[in-house]
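A.B. asks: Encoded as structure tokens, here's the structure I'll be asking about.
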Amino acid sequence: MIRDITIGQYYPADSVIHRLDPRVKLLGTLIYIISLFAFHNIASYLIAGLFLAVIIHLSKVPFSYIVKGLKPILFLLLFTVMFNLFLTPGQEFVRVGFIKITLEGIKTAGFMAVRLIFLIIGSSLMTFTTTPNHLTDGLEKGMGPLRKIHVPVHEIAMMMSIALRFIPILLEETDKIMKAQSARGADFETGGLIKKAKSLIPLLVPLFVSAFRRANDLAMAMEARCYRGGEGRTKMKPLAYKKRDWIAYLCFIVYWTLLILAAKIN
Amino acid sequence: MSIILDHVNYIYSQGTAYEKHALQDINLKIEDGEFIGLIGHTGSGKSTLIQHLNGLMKATEGCIYYNGQDIYDSDYNLKELRSKVGLVFQYPEHQLFETSIIKDVKFGPSNLGLPALEVDLRAYEALKQVGIGEDMIDLSPFELSGGQKRRVAIAGVLAMKPEVLILDEPTAGLDPKGRDEILNLVSSLHKENKITVILVSHSMEDVANYVERLIVMDHGKIMFDNEPKKVFTHYKALEQIGLAAPQVTYVMNRLKECGQSVNTEPTTVDEACEEIIRWAKKKGILLT
Amino acid sequence: MGIIKAKDLIFEYIRRDEEGNVEGINRAVNNVNLDIEKGQFVAILGHNGSGKSTLAKHINAILSPTEGTLWVDGMDTGKEENLWNIRQTAGMVFQNPDNQIIANVVEEDVGFGPENLGVPTEEIWERVENSLKAVGMYEYRTHSPNKLSGGQKQRVAIAGIMAMKPECIVLDEPTAMLDPNGRKEVIKTIRELNQTEKVTVLLITHYMEEVIDADKVIVMDKGKIVMQGAPREIFSQVDELKKYRLDVPQVTLLAYELRKKGLPIPPGILSVDELVTKLNEL
């Protein structure tokens, strides 16, 4: 059920992409996403697609696994495509009853779909190849300068890391409570909106109680292990750029240059 | 009345890398009024099995009949089945959610759509059965001690008037006194209310003391299904799958190995005591 | 002075109503005196609510005494400035294995304590490796804690404490949520650490069979220490234990019953082997 969602879940493998510094991957993903919105001509999409294909290949994450991750957003994708397909004004292509499909509509819908798919794959590649801890480490270090303007960078990173640790536990717990209440005749499926919302109370109350209990326990366990914020902490896995990270940055510069060139030629 | 499992198979996440054959060709008949113990180490499939009995999980293959009716028939009322086969999960106190004890216990029966008066009656009766006094019923369940919370949670299932009561490790995390209270409660429900009980447990001592029939599971299969005494004679096979017999069974077997003429059947302290005294008298250590 | 010493320790939970008025006072630890020697394996028994967990939380300075004093390695736990040194000296393992693992990878979790102490990176790696090997979880170092069994998770939690190089480990019902195999594996780990690493162990539990190997057993009831002594002494007093809502291992109970019926066997039998030997000698 809920556990089948693969989007954003770490895929363990030993690849050059896995070994990259998380800061590179974070910044790289950002650059890639911006590129998808900054350039929209066929050539740029081709370059973006090719670039993505190369990274997928290098990452050793099976393509089928990545496609599976797209499933949950299928609805969103269809919706966007439909929306663009039917509502873009322009030259008529076909007409079925009152529905008019325009050439421009097909074009935007197609671009939209490609852009969305690239976006999702691009960003999920980051999470596929980076452990949540590595990711938060990257965020912590990458956002380090923000500390000067009193952003609690370490705390934010710690919160994210703990959230990631407890999401699967709480999902499992949700499953368990749902079953336990179903065994008492609870019905989570049928009925109108209000009835459905009401039926969630027996699920949500125990879930919150449990989450608070866990939070309390965890806080105590952390204090017992001498946790007192980011001050004076050392790192087991400190981040340091290696040669491959600089090469990766270079690749992004080349990628961006190619896009600009493609746009110019167009 | 009975529950029959006919060639039941269950496979988790079929077709993925996590595929697991959790139940393999289970054939089982549970008669009315039995007191059954279900043991097996973690991951042996016992939790999966009990969730099939009230229709929370659906077999990948095979059929389950409750009182002769196929529960997978499209017109079978699964909700009614869940009220007839009450399932108390591990740490059941974690599902309490209402603002008062009595309201929480009413949750089950009111889901069955019973008249308000009947719901009240059942809730009061269930709380009485588990030994929660009337002076407490308006308290918040979150104010109770661990053992009390658990009894309230069990009352929540009892209020549905189940014919079969399944308890998944009802004593986990309780201290010895709390454990005895729960087990005595379960035992009296079986004796006085004639409820069929299936007790999932990790404690060999507990099952030896209470149950009449013992089912041992391993790797999704039923390995033994017999009287506890008979099952515990296979203590060596039990050890191989990470289980054991009660300590006193070991005492008797070791004595026998040392050449003493004792019966190795005892599985409870009382039985073992009686047998050793008999042996001592026969040997002339104790005067008759 | 021992590694842990309590003098007239009292702790009161104060319950307040919504306006903050005192509704009731609950004395969870009542006048406890305690002296635990370095290197000992001490077990504290008691039913739920007997005050044993409250006492444990004092040793780690999670709670501080209402009255009286508790010293950990000579440091007064009531003094704020000792806090972090105390927590490093006396590490604590809790009941729920899920709620005390912080990181998403086993080795990173074990490194969490040393990171907080400001240990240099290289030494963290060394400590993590040693502690994981000591609890037998080294081959799981890159695993996610979510995929481990309960017993394995508890061993990781113990390694997390060991990596802080404590003098003493306090385990607050570490096996209460585990299955029998998990329980055995955790107890075995604790015993090994006590014997090979010479770490002082304070095990809080209500499973009697876990304490038969302890150097000393302390029984608590209503916040007080009501019995203390070697396991054999404690377990020979079956009726007394029952009074405190505790029970004894099945074989001890059998020996006790046989003795009552007149068989000449010594009191306080702790294991199957012992009883069989004694019976054979008759």
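If you're wondering about the labels, chains in the structure tokens are A, B, ... by order shown, residues count from 1 in each chain, ligands from 1 in order shown.
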Counting only C-alpha atoms, give me one row per residue of chain A with an atom at most 9 Å from an atom of chain B, showing the shortest contact pair and its distance in Å to one decimal, sorted by chain then residue number, as a tab-separated table.
C.D. replies:
residue	atom	partner	partner_atom	distance
A:Asp4	CA	B:Ser13	CA	8.8
A:Lys176	CA	B:Phe89	CA	8.5
A:Ile177	CA	B:Gln95	CA	6.0
A:Met178	CA	B:Gln95	CA	8.9
A:Lys179	CA	B:Leu56	CA	7.0
A:Ala180	CA	B:Phe89	CA	6.4
A:Gln181	CA	B:Gln95	CA	7.2
A:Ser182	CA	B:Leu56	CA	7.7
A:Ala183	CA	B:Arg82	CA	5.6
A:Arg184	CA	B:Gly108	CA	4.6
A:Gly185	CA	B:Asn111	CA	5.4
A:Ala186	CA	B:Asn111	CA	6.2
A:Asp187	CA	B:Asn111	CA	8.2
A:Ile201	CA	B:Phe97	CA	7.8
A:Pro202	CA	B:Phe97	CA	5.7
A:Leu203	CA	B:Gln95	CA	7.8
A:Leu204	CA	B:Phe97	CA	8.4
A:Val205	CA	B:Phe97	CA	5.5
A:Pro206	CA	B:Gln95	CA	5.5
A:Leu207	CA	B:Gln95	CA	8.3
A:Val209	CA	B:His94	CA	8.3
A:Ser210	CA	B:His94	CA	7.3
A.B. asks: Could those residues be written to a file, using all heavy atoms, as a compact mmCIF listing (two decimals), in the first residue's frame?
C.D. replies:
# COMPACT_ATOMS: atom_id res chain seq x y z
N ASP A 4 4.52 0.93 -0.88
CA ASP A 4 4.96 0.62 -2.24
C ASP A 4 5.53 1.83 -2.96
O ASP A 4 6.11 1.70 -4.02
CB ASP A 4 3.79 0.05 -3.05
CG ASP A 4 3.38 -1.30 -2.51
OD1 ASP A 4 4.25 -1.93 -1.87
OD2 ASP A 4 2.24 -1.71 -2.71
N LYS A 176 -0.93 -0.54 11.22
CA LYS A 176 -1.31 -1.37 12.36
C LYS A 176 -2.58 -0.85 13.03
O LYS A 176 -3.49 -1.60 13.32
CB LYS A 176 -0.16 -1.36 13.39
CG LYS A 176 0.42 -2.73 13.65
CD LYS A 176 1.32 -2.69 14.87
CE LYS A 176 2.76 -2.45 14.50
NZ LYS A 176 3.65 -2.23 15.62
N ILE A 177 -2.63 0.48 13.25
CA ILE A 177 -3.80 1.05 13.93
C ILE A 177 -5.03 0.89 13.05
O ILE A 177 -6.11 0.55 13.52
CB ILE A 177 -3.57 2.53 14.28
CG1 ILE A 177 -2.38 2.67 15.25
CG2 ILE A 177 -4.81 3.14 14.92
CD1 ILE A 177 -1.92 4.10 15.44
N MET A 178 -4.85 1.09 11.74
CA MET A 178 -5.98 0.92 10.83
C MET A 178 -6.55 -0.48 10.93
O MET A 178 -7.76 -0.67 10.99
CB MET A 178 -5.51 1.16 9.39
CG MET A 178 -5.96 2.47 8.82
SD MET A 178 -5.23 2.69 7.21
CE MET A 178 -6.70 2.82 6.24
N LYS A 179 -5.66 -1.45 10.98
CA LYS A 179 -6.11 -2.84 11.08
C LYS A 179 -6.80 -3.07 12.41
O LYS A 179 -7.83 -3.74 12.47
CB LYS A 179 -4.91 -3.78 10.95
CG LYS A 179 -4.56 -4.07 9.52
CD LYS A 179 -3.44 -5.07 9.48
CE LYS A 179 -3.12 -5.48 8.07
NZ LYS A 179 -1.78 -6.10 8.04
N ALA A 180 -6.20 -2.54 13.48
CA ALA A 180 -6.78 -2.76 14.80
C ALA A 180 -8.18 -2.16 14.87
O ALA A 180 -9.10 -2.77 15.42
CB ALA A 180 -5.89 -2.16 15.88
N GLN A 181 -8.36 -0.96 14.30
CA GLN A 181 -9.69 -0.36 14.34
C GLN A 181 -10.64 -1.07 13.39
O GLN A 181 -11.83 -1.18 13.69
CB GLN A 181 -9.63 1.15 14.01
CG GLN A 181 -8.68 1.96 14.87
CD GLN A 181 -8.99 2.00 16.36
OE1 GLN A 181 -9.57 1.06 16.91
NE2 GLN A 181 -8.61 3.07 17.03
N SER A 182 -10.14 -1.56 12.27
CA SER A 182 -11.00 -2.35 11.38
C SER A 182 -11.49 -3.59 12.10
O SER A 182 -12.62 -4.02 11.91
CB SER A 182 -10.25 -2.78 10.12
OG SER A 182 -9.74 -1.68 9.46
N ALA A 183 -10.64 -4.16 12.93
CA ALA A 183 -11.04 -5.34 13.69
C ALA A 183 -12.15 -4.99 14.66
O ALA A 183 -12.87 -5.87 15.11
CB ALA A 183 -9.85 -5.92 14.44
N ARG A 184 -12.29 -3.71 15.00
CA ARG A 184 -13.40 -3.29 15.85
C ARG A 184 -14.54 -2.73 14.99
O ARG A 184 -15.35 -1.93 15.45
CB ARG A 184 -12.93 -2.22 16.85
CG ARG A 184 -12.00 -2.78 17.92
CD ARG A 184 -12.11 -1.99 19.21
NE ARG A 184 -11.31 -0.78 19.21
CZ ARG A 184 -11.46 0.18 20.12
NH1 ARG A 184 -12.39 0.07 21.05
NH2 ARG A 184 -10.68 1.24 20.08
N GLY A 185 -14.54 -3.09 13.73
CA GLY A 185 -15.66 -2.72 12.87
C GLY A 185 -15.56 -1.35 12.24
O GLY A 185 -16.50 -0.88 11.60
N ALA A 186 -14.43 -0.66 12.40
CA ALA A 186 -14.28 0.66 11.79
C ALA A 186 -14.26 0.52 10.28
O ALA A 186 -13.82 -0.48 9.74
CB ALA A 186 -13.00 1.32 12.27
N ASP A 187 -14.75 1.56 9.63
CA ASP A 187 -14.85 1.53 8.18
C ASP A 187 -14.19 2.79 7.64
O ASP A 187 -14.64 3.90 7.93
CB ASP A 187 -16.34 1.50 7.81
CG ASP A 187 -16.54 1.28 6.33
OD1 ASP A 187 -15.55 1.42 5.58
OD2 ASP A 187 -17.66 0.97 5.93
N ILE A 201 -10.75 9.87 12.88
CA ILE A 201 -10.40 10.19 14.27
C ILE A 201 -9.79 8.99 15.00
O ILE A 201 -8.73 9.11 15.61
CB ILE A 201 -11.62 10.75 15.04
CG1 ILE A 201 -12.00 12.10 14.40
CG2 ILE A 201 -11.31 10.94 16.52
CD1 ILE A 201 -13.28 12.69 14.92
N PRO A 202 -10.44 7.81 14.92
CA PRO A 202 -9.85 6.65 15.61
C PRO A 202 -8.47 6.28 15.09
O PRO A 202 -7.75 5.51 15.72
CB PRO A 202 -10.83 5.51 15.32
CG PRO A 202 -12.07 6.15 14.86
CD PRO A 202 -11.69 7.46 14.24
N LEU A 203 -8.11 6.79 13.93
CA LEU A 203 -6.79 6.52 13.39
C LEU A 203 -5.81 7.61 13.82
O LEU A 203 -4.69 7.33 14.26
CB LEU A 203 -6.88 6.47 11.86
CG LEU A 203 -5.57 6.32 11.09
CD1 LEU A 203 -4.92 4.99 11.43
CD2 LEU A 203 -5.82 6.42 9.61
N LEU A 204 -6.26 8.87 13.71
CA LEU A 204 -5.35 9.99 13.94
C LEU A 204 -4.99 10.17 15.41
O LEU A 204 -3.84 10.45 15.73
CB LEU A 204 -5.94 11.28 13.37
CG LEU A 204 -6.00 11.30 11.85
CD1 LEU A 204 -6.62 12.59 11.34
CD2 LEU A 204 -4.60 11.12 11.25
N VAL A 205 -5.97 10.01 16.29
CA VAL A 205 -5.66 10.22 17.71
C VAL A 205 -4.56 9.27 18.20
O VAL A 205 -3.54 9.72 18.72
CB VAL A 205 -6.94 10.13 18.59
CG1 VAL A 205 -6.58 10.17 20.07
CG2 VAL A 205 -7.90 11.26 18.24
N PRO A 206 -4.73 7.95 17.99
CA PRO A 206 -3.64 7.06 18.44
C PRO A 206 -2.32 7.36 17.75
O PRO A 206 -1.26 7.25 18.36
CB PRO A 206 -4.13 5.67 18.06
CG PRO A 206 -5.59 5.78 17.89
CD PRO A 206 -5.85 7.17 17.42
N LEU A 207 -2.40 7.79 16.49
CA LEU A 207 -1.17 8.07 15.75
C LEU A 207 -0.43 9.26 16.36
O LEU A 207 0.78 9.23 16.54
CB LEU A 207 -1.52 8.35 14.29
CG LEU A 207 -0.38 8.23 13.30
CD1 LEU A 207 0.21 6.83 13.33
CD2 LEU A 207 -0.84 8.59 11.91
N VAL A 209 -0.81 10.36 19.48
CA VAL A 209 -0.34 9.96 20.81
C VAL A 209 0.98 9.22 20.68
O VAL A 209 1.95 9.49 21.38
CB VAL A 209 -1.39 9.07 21.51
CG1 VAL A 209 -0.82 8.47 22.79
CG2 VAL A 209 -2.64 9.87 21.82
N SER A 210 1.03 8.32 19.73
CA SER A 210 2.24 7.54 19.53
C SER A 210 3.39 8.41 19.07
O SER A 210 4.52 8.27 19.54
CB SER A 210 1.96 6.43 18.52
OG SER A 210 3.09 6.14 17.77
A.B. asks: Could you please select, counting only C-alpha atoms, the residues of chain A within 8 Å of chain C and state them as a PyMOL selection string?
C.D. replies: chain A and resi 132-133+161-162+164-165+168-169+214-215+217-218+220-222+224-228+232-238
A.B. asks: Grab the residues selected above and save them as a JSON list (two decimals), in the first residue's frame with C-alpha atoms.
C.D. replies:
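Saved to selection-v6.json:
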[["chain", "number", "residue", "atom", "x", "y", "z"],
["A", 132, "PRO", "CA", 18.84, 10.79, 3.66],
["A", 133, "ASN", "CA", 21.64, 11.42, 6.12],
["A", 161, "SER", "CA", 17.06, 13.57, 9.37],
["A", 162, "ILE", "CA", 14.88, 12.46, 12.28],
["A", 164, "LEU", "CA", 13.20, 10.65, 7.56],
["A", 165, "ARG", "CA", 14.04, 8.05, 10.15],
["A", 168, "PRO", "CA", 8.62, 4.44, 7.75],
["A", 169, "ILE", "CA", 7.97, 3.68, 11.42],
["A", 214, "ARG", "CA", 8.15, 8.58, 20.40],
["A", 215, "ALA", "CA", 9.28, 12.19, 20.25],
["A", 217, "ASP", "CA", 11.50, 9.03, 24.13],
["A", 218, "LEU", "CA", 13.79, 10.17, 21.37],
["A", 220, "MET", "CA", 15.46, 11.68, 26.18],
["A", 221, "ALA", "CA", 17.67, 9.21, 24.30],
["A", 222, "MET", "CA", 19.41, 12.04, 22.47],
["A", 224, "ALA", "CA", 21.35, 10.75, 27.30],
["A", 225, "ARG", "CA", 23.87, 10.57, 24.50],
["A", 226, "CYS", "CA", 25.08, 14.08, 25.26],
["A", 227, "TYR", "CA", 23.33, 15.83, 22.39],
["A", 228, "ARG", "CA", 23.33, 19.58, 23.00],
["A", 232, "GLY", "CA", 31.11, 21.65, 19.54],
["A", 233, "ARG", "CA", 30.02, 18.63, 17.53],
["A", 234, "THR", "CA", 32.42, 16.80, 15.31],
["A", 235, "LYS", "CA", 31.43, 14.81, 12.26],
["A", 236, "MET", "CA", 31.84, 11.14, 11.62],
["A", 237, "LYS", "CA", 31.52, 11.72, 7.91],
["A", 238, "PRO", "CA", 32.67, 15.28, 7.24]]
A.B. asks: Could you list, as a PyMOL selection string, every residue of chain C that has an atom within 10 Å of an atom of chain B, counting only C-alpha atoms?
C.D. replies: chain C and resi 46-49+95+149-150+173+175-182+205-208+242+244-259+261-264+271-277+279-280+282
A.B. asks: Save out the residues we just selected, C-alpha atoms, as a CSV table (one decimal), in the first residue's frame.
C.D. replies:
chain,number,residue,atom,x,y,z
C,46,GLY,CA,10.5,-4.6,40.5
C,47,HIS,CA,7.0,-4.5,39.1
C,48,ASN,CA,5.8,-1.7,36.8
C,49,GLY,CA,5.5,1.4,39.0
C,95,GLN,CA,13.1,0.1,26.5
C,149,SER,CA,15.1,-7.3,14.4
C,150,GLY,CA,14.3,-5.9,17.9
C,173,GLU,CA,14.1,-2.8,30.6
C,175,THR,CA,14.2,-6.6,26.7
C,176,ALA,CA,10.6,-5.8,27.6
C,177,MET,CA,9.6,-5.4,23.9
C,178,LEU,CA,11.6,-8.2,22.5
C,179,ASP,CA,10.9,-11.9,21.7
C,180,PRO,CA,12.7,-14.6,23.6
C,181,ASN,CA,15.5,-14.9,21.1
C,182,GLY,CA,16.0,-11.1,21.0
C,205,THR,CA,14.1,-5.7,34.3
C,206,HIS,CA,11.1,-7.8,35.4
C,207,TYR,CA,12.3,-11.0,33.7
C,208,MET,CA,13.7,-13.1,36.5
C,242,LYS,CA,5.5,-13.0,45.2
C,244,TYR,CA,6.2,-7.8,45.6
C,245,ARG,CA,4.4,-8.9,42.5
C,246,LEU,CA,7.4,-10.8,41.1
C,247,ASP,CA,7.9,-14.4,40.2
C,248,VAL,CA,10.9,-16.7,39.9
C,249,PRO,CA,12.1,-18.9,37.1
C,250,GLN,CA,10.1,-22.0,36.7
C,251,VAL,CA,12.9,-24.3,37.8
C,252,THR,CA,13.4,-22.3,41.0
C,253,LEU,CA,9.7,-22.5,41.8
C,254,LEU,CA,9.8,-26.3,41.2
C,255,ALA,CA,12.8,-26.7,43.5
C,256,TYR,CA,11.0,-24.6,46.1
C,257,GLU,CA,7.8,-26.7,45.9
C,258,LEU,CA,9.8,-29.9,46.2
C,259,ARG,CA,11.6,-28.6,49.2
C,261,LYS,CA,7.2,-31.2,50.3
C,262,GLY,CA,10.2,-32.4,52.2
C,263,LEU,CA,12.8,-33.3,49.6
C,264,PRO,CA,16.3,-32.4,51.0
C,271,SER,CA,19.1,-23.6,36.8
C,272,VAL,CA,17.9,-26.8,35.3
C,273,ASP,CA,21.4,-28.3,35.6
C,274,GLU,CA,21.6,-27.5,39.2
C,275,LEU,CA,18.3,-29.1,40.1
C,276,VAL,CA,19.0,-32.2,38.1
C,277,THR,CA,22.4,-32.7,39.8
C,279,LEU,CA,18.1,-34.6,42.5
C,280,ASN,CA,20.5,-37.2,41.2
C,282,LEU,CA,19.6,-37.9,46.5
A.B. asks: Taking only region 20-264 of chain A into account, list the residues labelled strand (DSSP E or B) by DSSP (computed from the backbone), as a PyMOL selection string.
C.D. replies: chain A and resi 92-96+99-102
A.B. asks: With DSSP run on the backbone, what are the helix (DSSP H, G or I) residues within region 36-221 of chain A? I'd like them as a PyMOL selection string.
C.D. replies: chain A and resi 36-38+42-59+63-87+103-129+132-142+144-149+153-183+193-199+201-221
A.B. asks: Selected residues, C-alpha atoms, written as a short mmCIF file (atom, residue, chain, number, x, y, z; two decimals), in the first residue's frame, please.
C.D. replies:
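In the end it all went to again.cif:
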data_model
loop_
_atom_site.label_atom_id
_atom_site.label_comp_id
_atom_site.auth_asym_id
_atom_site.auth_seq_id
_atom_site.Cartn_x
_atom_site.Cartn_y
_atom_site.Cartn_z
CA LEU A 36 13.91 22.88 -17.61
CA PHE A 37 12.01 26.07 -17.02
CA ALA A 38 14.51 28.48 -18.56
CA ILE A 42 13.02 20.99 -28.79
CA ALA A 43 16.81 21.06 -28.87
CA SER A 44 17.05 21.97 -25.21
CA TYR A 45 14.71 19.17 -24.27
CA LEU A 46 16.83 16.78 -26.23
CA ILE A 47 19.95 17.95 -24.43
CA ALA A 48 18.20 17.73 -21.07
CA GLY A 49 16.94 14.24 -21.90
CA LEU A 50 20.34 13.07 -23.02
CA PHE A 51 21.98 14.54 -19.94
CA LEU A 52 19.46 12.76 -17.74
CA ALA A 53 19.97 9.48 -19.60
CA VAL A 54 23.71 9.66 -19.03
CA ILE A 55 23.24 10.30 -15.32
CA ILE A 56 20.72 7.46 -15.01
CA HIS A 57 23.18 5.17 -16.70
CA LEU A 58 26.01 6.26 -14.43
CA SER A 59 23.86 5.94 -11.31
CA PHE A 63 15.25 2.28 -15.24
CA SER A 64 12.23 0.18 -14.26
CA TYR A 65 12.70 1.27 -10.65
CA ILE A 66 12.71 4.90 -11.72
CA VAL A 67 9.58 4.44 -13.84
CA LYS A 68 7.84 2.82 -10.87
CA GLY A 69 8.55 5.97 -8.94
CA LEU A 70 6.57 7.93 -11.52
CA LYS A 71 3.37 6.00 -10.84
CA PRO A 72 2.13 8.12 -7.94
CA ILE A 73 2.31 11.27 -10.03
CA LEU A 74 0.58 9.72 -13.04
CA PHE A 75 -2.66 11.44 -12.11
CA LEU A 76 -1.01 14.82 -11.83
CA LEU A 77 0.68 14.23 -15.17
CA LEU A 78 -2.56 13.28 -16.91
CA PHE A 79 -4.33 16.22 -15.39
CA THR A 80 -1.69 18.66 -16.60
CA VAL A 81 -1.68 17.17 -20.06
CA MET A 82 -5.48 17.28 -20.32
CA PHE A 83 -5.58 20.79 -19.02
CA ASN A 84 -3.12 22.02 -21.63
CA LEU A 85 -4.56 19.89 -24.37
CA PHE A 86 -8.11 21.15 -24.07
CA LEU A 87 -7.69 24.68 -22.83
CA LEU A 103 -1.99 22.39 -32.41
CA GLU A 104 -0.60 24.72 -29.77
CA GLY A 105 -2.39 22.64 -27.16
CA ILE A 106 -0.70 19.45 -28.31
CA LYS A 107 2.64 21.19 -28.31
CA THR A 108 2.31 22.70 -24.83
CA ALA A 109 0.84 19.51 -23.42
CA GLY A 110 3.72 17.49 -24.83
CA PHE A 111 6.31 19.92 -23.53
CA MET A 112 4.59 20.07 -20.19
CA ALA A 113 4.58 16.30 -19.86
CA VAL A 114 8.23 15.99 -20.84
CA ARG A 115 9.20 18.76 -18.47
CA LEU A 116 7.31 17.20 -15.58
CA ILE A 117 8.74 13.75 -16.20
CA PHE A 118 12.28 15.15 -16.41
CA LEU A 119 11.69 17.16 -13.28
CA ILE A 120 10.47 14.20 -11.26
CA ILE A 121 13.13 11.82 -12.54
CA GLY A 122 15.84 14.43 -12.07
CA SER A 123 14.96 15.18 -8.49
CA SER A 124 14.20 11.57 -7.55
CA LEU A 125 17.59 10.58 -8.93
CA MET A 126 19.07 12.76 -6.26
CA THR A 127 17.17 10.95 -3.52
CA PHE A 128 17.75 7.55 -5.13
CA THR A 129 21.51 8.05 -5.00
CA PRO A 132 18.84 10.79 3.66
CA ASN A 133 21.64 11.42 6.12
CA HIS A 134 24.03 12.43 3.43
CA LEU A 135 21.38 14.71 2.04
CA THR A 136 20.82 16.47 5.34
CA ASP A 137 24.58 16.72 5.83
CA GLY A 138 24.79 18.37 2.42
CA LEU A 139 22.01 20.76 3.30
CA GLU A 140 23.60 21.59 6.61
CA LYS A 141 26.98 22.31 5.10
CA GLY A 142 25.59 23.92 1.96
CA GLY A 144 26.14 26.93 6.44
CA PRO A 145 26.56 30.58 5.45
CA LEU A 146 22.93 31.18 6.41
CA ARG A 147 23.90 30.66 10.02
CA LYS A 148 25.31 34.15 9.98
CA ILE A 149 21.80 35.53 9.61
CA VAL A 153 20.80 25.36 9.97
CA HIS A 154 21.96 22.49 12.15
CA GLU A 155 18.56 22.16 13.82
CA ILE A 156 16.74 22.13 10.49
CA ALA A 157 19.05 19.43 9.18
CA MET A 158 18.65 17.36 12.35
CA MET A 159 14.88 17.67 12.17
CA MET A 160 14.86 16.49 8.59
CA SER A 161 17.06 13.57 9.37
CA ILE A 162 14.88 12.46 12.28
CA ALA A 163 11.74 12.91 10.22
CA LEU A 164 13.20 10.65 7.56
CA ARG A 165 14.04 8.05 10.15
CA PHE A 166 10.54 8.02 11.59
CA ILE A 167 8.45 8.20 8.43
CA PRO A 168 8.62 4.44 7.75
CA ILE A 169 7.97 3.68 11.42
CA LEU A 170 4.91 5.89 11.51
CA LEU A 171 3.64 4.46 8.22
CA GLU A 172 3.87 0.99 9.66
CA GLU A 173 2.12 2.20 12.78
CA THR A 174 -0.67 3.74 10.69
CA ASP A 175 -1.15 0.41 9.01
CA LYS A 176 -1.31 -1.37 12.36
CA ILE A 177 -3.80 1.05 13.93
CA MET A 178 -5.98 0.92 10.83
CA LYS A 179 -6.11 -2.84 11.08
CA ALA A 180 -6.78 -2.76 14.80
CA GLN A 181 -9.69 -0.36 14.34
CA SER A 182 -11.00 -2.35 11.38
CA ALA A 183 -11.04 -5.34 13.69
CA LEU A 193 -16.81 13.17 2.93
CA ILE A 194 -17.89 14.08 6.46
CA LYS A 195 -18.32 10.46 7.48
CA LYS A 196 -14.93 9.65 6.03
CA ALA A 197 -13.29 12.53 7.85
CA LYS A 198 -14.94 11.41 11.08
CA SER A 199 -13.78 7.86 10.58
CA ILE A 201 -10.40 10.19 14.27
CA PRO A 202 -9.85 6.65 15.61
CA LEU A 203 -6.79 6.52 13.39
CA LEU A 204 -5.35 9.99 13.94
CA VAL A 205 -5.66 10.22 17.71
CA PRO A 206 -3.64 7.06 18.44
CA LEU A 207 -1.17 8.07 15.75
CA PHE A 208 -0.57 11.46 17.35
CA VAL A 209 -0.34 9.96 20.81
CA SER A 210 2.24 7.54 19.53
CA ALA A 211 4.18 10.22 17.66
CA PHE A 212 4.37 12.34 20.81
CA ARG A 213 5.45 9.37 22.90
CA ARG A 214 8.15 8.58 20.40
CA ALA A 215 9.28 12.19 20.25
CA ASN A 216 9.52 12.27 24.02
CA ASP A 217 11.50 9.03 24.13
CA LEU A 218 13.79 10.17 21.37
CA ALA A 219 14.51 13.51 23.01
CA MET A 220 15.46 11.68 26.18
CA ALA A 221 17.67 9.21 24.30
#
A.B. asks: With distances taken over only C-alpha atoms, which residue among C:Val29, C:Gln154, C:Ala159, C:Phe41 lies nearest Tyr138 (chain C)?
C.D. replies: C:Ala159
A.B. asks: Using only C-alpha atoms, which protein or nucleic acid residues come within 9 Å of Lys224 (chain C)? Drop anything in the same chain fewer than 5 positions from it, and give the result as a list in words.
C.D. replies: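 Residues near the query, excluding close chain neighbours: Ala28, Val29, Asn30, Asn31, Val32, Ser50, Gly51 and Val219 of chain C.
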A.B. asks: Separation of CA of Leu258 (chain A) and CA of His40 (chain A), in Å?
C.D. replies: 13.3 Å
A.B. asks: Would you compute the distance between CA of Leu9 (chain C) and CA of Gln148 (chain B)? Give it in Å to one decimal.
C.D. replies: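 These atoms are spaced 29.3 Å apart.
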A.B. asks: For the atom pair CA of Ser187 (chain B) and CA of Asn209 (chain B), what is the interatomic distance in Å to one decimal place?
C.D. replies: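 Here the two named atoms are 10.2 Å from each other.
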A.B. asks: Residues within 10 Å of Lys188 (chain C), please, as a count of residues only. Count only C-alpha atoms; anything in the same chain fewer than 6 positions from it doesn't count.
C.D. replies: 4
